Each structure stands twice: as C-alpha cells, then as structure tokens.
Amino acid sequence: MKVTILQGSARKKGNTAKVLTWIEEELTGMGHDVDSIYLHSKNLKGCMGCGKCKEKTDTIGCVQKDDVPEILDKMINSQLVIFSSSLYFWGFSAQIKAVIDRTYSLYTNANQPDHASLIDGQRQALVATGAGPYEDNAEGMFAAFGRMQKYHKAINVGELFIGSCTTPDALGDSVQQQAVEFARKIVS
C-alpha cells in the first residue's frame, strides 16, 4: 500500500515525529511504501478561497505557486494518508492546517448528488500529541478531522492521541506499542 505521512509538527525531532517514526518503521516492515513529508520545511500558503480550484473537476486546480499542489498530488496517489500534528491551542498546527484547507481543491459539489472527490475511498488517519489530556483539550481537532472525511469521501481508519507528552525521550515502551498497534490497525 502506498502511504503518505503528513508531518504537521514544527519540531522535526519532537514528540509527534517520534511517534510517527515508530508508525513508519512498522508500516515499512510490513512491506508498505511510505513517503513521509515534513511540512515545516515546505512553502505552504493558506487557501485564498478564490474558488479557481472548482473550475477543473479532474485535477487539483489550485492556482497558488507553492509546495501544496505537489503534496496534494502525493495524497491523490496514496491509498492511505496519515495526518499528524502536535496540539496547538486545541487544534492543528499551522503547517498541517494549511494543507488541510487546501484539500478544498480535491472535491466538488459537496453535499450534492454529484459530489465527487479525487480521493474518494482513500484511507485517512490522524496522529496527534499534546502536553495535556484528551478531554477538554483535543476533542476539537479530532471532531474536525472526522468531519473532513465526509467532504473528501474518504474513510477514517484510525485516530491516535498521545497526551501528557514532555520530551521525545520520555515517550516510553507503552507509547511505542500504541504506535505499532495503530500502524497495524490502519492498514488492516
């Protein structure tokens, strides 16, 4: 299976990156083709809401000149996309949010009988880390992610939140086991 990981954390070696390393190692070990994209190093612009992307229904169609169209193209060519982010003020980091907003260009006629999506049927998963607990903290991020699949016409195959994070070195064997089990779950 072709898998794309969107690393939305600003810290290349932070808690989210460490959890993703364990997931990627497990997926690769299972024979999957994994492409991990560190978004913080990319040129990412926010959606302008211009609607130009809706003029062409069979391509991405975004008129902006940055790295997002290439990322969206990799998403289109993947059977599984893992979105990831550290928790920033009860939501996604700016890096992953820019990409999520630009996925607007991947579908047309939402909530209409002729609703179409370039990623129809794609498997999608979310990995998030945060310093606090899930309750009264991460629910908004996970609710937004769940709603996104309706518009993408995608399948939410799993969500993983690792809370009470301090440093990557403090993430122990139990977190590694959660990551490995999550990797197995999202491809089964």
# chains A, B, ... in the order shown; residues from 1 in each chain; ligands from 1
>>> residues_around(residues="Ala98 (chain A)", least_positions_apart="5", cutoff="8 Å", atoms="only C-alpha atoms", output="list in words")
Leu44, Lys45, Gly46 and Cys47 of chain A
>>> write_last_selection(atoms="N, CA and C atoms", output="mmCIF file, in the first residue's frame")
data_model
loop_
_atom_site.group_PDB
_atom_site.id
_atom_site.type_symbol
_atom_site.label_atom_id
_atom_site.label_comp_id
_atom_site.auth_asym_id
_atom_site.auth_seq_id
_atom_site.Cartn_x
_atom_site.Cartn_y
_atom_site.Cartn_z
ATOM 1 N N LEU A 44 4.266 26.683 2.230
ATOM 2 C CA LEU A 44 2.835 26.414 2.353
ATOM 3 C C LEU A 44 2.072 27.727 2.518
ATOM 4 N N LYS A 45 1.160 27.973 1.631
ATOM 5 C CA LYS A 45 0.308 29.153 1.740
ATOM 6 C C LYS A 45 -1.109 28.707 2.080
ATOM 7 N N GLY A 46 -1.820 29.538 2.791
ATOM 8 C CA GLY A 46 -3.202 29.237 3.137
ATOM 9 C C GLY A 46 -4.121 29.355 1.934
ATOM 10 N N CYS A 47 -5.262 28.712 2.021
ATOM 11 C CA CYS A 47 -6.275 28.785 0.966
ATOM 12 C C CYS A 47 -6.771 30.230 0.846
#
>>> residues_around(residues="region 159-165 of chain A", least_positions_apart="5", cutoff="6 Å", atoms="only C-alpha atoms", output="CSV table (one decimal) with C-alpha atoms, in the first residue's frame")
chain,number,residue,atom,x,y,z
A,125,ALA,CA,-5.8,8.5,9.8
A,126,LEU,CA,-4.8,11.1,12.4
A,127,VAL,CA,-1.9,11.1,14.9
A,128,ALA,CA,-1.7,13.9,17.4
A,129,THR,CA,0.4,14.6,20.5
A,130,GLY,CA,-0.1,17.1,23.3
A,131,ALA,CA,1.1,18.1,26.7
A,132,GLY,CA,-2.4,17.7,28.3
A,133,PRO,CA,-5.1,15.1,28.3
>>> closest_residue(among="A:Gly121, A:Gly91, A:Gly140, A:Gly31", to="Ser9 (chain A)", atoms="only C-alpha atoms")
A:Gly91
>>> closest_residue(among="A:Thr16, A:Pro113, A:His152, A:Met30", to="Ile76 (chain A)", atoms="only C-alpha atoms")
A:His152
>>> residues_around(residues="region 173-180 of chain A", least_positions_apart="6", cutoff="7 Å", atoms="only C-alpha atoms", output="ChimeraX atom specification")
/A:19,22-23,26
>>> select_by_dssp(residues="region 54-172 of chain A", states="alpha helix (DSSP H)", output="ChimeraX atom specification")
/A:68-76,94-102,139-152
>>> select_by_dssp(residues="region 55-165 of chain A", states="strand (DSSP E)", output="list in words")
Leu80, Val81, Ile82, Phe83, Ser84, Ser85, Ser86, Tyr107, Thr108, Ala116, Ser117, Arg123, Gln124, Ala125, Leu126, Val127, Ala128, Thr129, Ile155, Asn156, Val157, Gly158, Glu159, Leu160, Phe161 and Ile162 of chain A
>>> closest_residue(among="A:Leu6, A:Met1, A:Ile37, A:Val187", to="Val81 (chain A)", atoms="only C-alpha atoms")
A:Leu6
>>> atom_distance(atom1="CA of Ile96 (chain A)", atom2="CA of Asp114 (chain A)")
28.1 Å
>>> atom_distance(atom1="CA of Val68 (chain A)", atom2="CA of Leu39 (chain A)")
9.4 Å
>>> closest_residue(among="A:Thr166, A:Thr21, A:Gln95, A:Gln124", to="Gly146 (chain A)", atoms="only C-alpha atoms")
A:Gln124
>>> closest_residue(among="A:Gln7, A:Phe145, A:Cys62, A:Asp169", to="Cys50 (chain A)", atoms="only C-alpha atoms")
A:Cys62
>>> closest_residue(among="A:Gln122, A:Thr167, A:Ser105, A:Thr4", to="Asp58 (chain A)", atoms="only C-alpha atoms")
A:Ser105
>>> decode(residues="region 131-150 of chain A", atoms="C-alpha atoms", output="mmCIF file, in the first residue's frame")
data_model
loop_
_atom_site.group_PDB
_atom_site.id
_atom_site.type_symbol
_atom_site.label_atom_id
_atom_site.label_comp_id
_atom_site.auth_asym_id
_atom_site.auth_seq_id
_atom_site.Cartn_x
_atom_site.Cartn_y
_atom_site.Cartn_z
ATOM 1 C CA ALA A 131 1.071 18.096 26.732
ATOM 2 C CA GLY A 132 -2.366 17.743 28.294
ATOM 3 C CA PRO A 133 -5.114 15.127 28.307
ATOM 4 C CA TYR A 134 -7.616 14.408 25.529
ATOM 5 C CA GLU A 135 -10.600 15.719 27.500
ATOM 6 C CA ASP A 136 -11.226 19.480 27.330
ATOM 7 C CA ASN A 137 -8.206 19.710 25.064
ATOM 8 C CA ALA A 138 -8.001 17.651 21.869
ATOM 9 C CA GLU A 139 -11.654 16.933 21.070
ATOM 10 C CA GLY A 140 -11.979 19.813 18.594
ATOM 11 C CA MET A 141 -9.082 18.606 16.496
ATOM 12 C CA PHE A 142 -10.471 15.092 16.310
ATOM 13 C CA ALA A 143 -14.003 16.293 15.574
ATOM 14 C CA ALA A 144 -12.735 18.458 12.702
ATOM 15 C CA PHE A 145 -10.711 15.572 11.331
ATOM 16 C CA GLY A 146 -13.736 13.278 11.442
ATOM 17 C CA ARG A 147 -15.867 15.805 9.574
ATOM 18 C CA MET A 148 -13.218 16.169 6.865
ATOM 19 C CA GLN A 149 -13.744 12.609 5.609
ATOM 20 C CA LYS A 150 -17.310 13.462 4.519
#
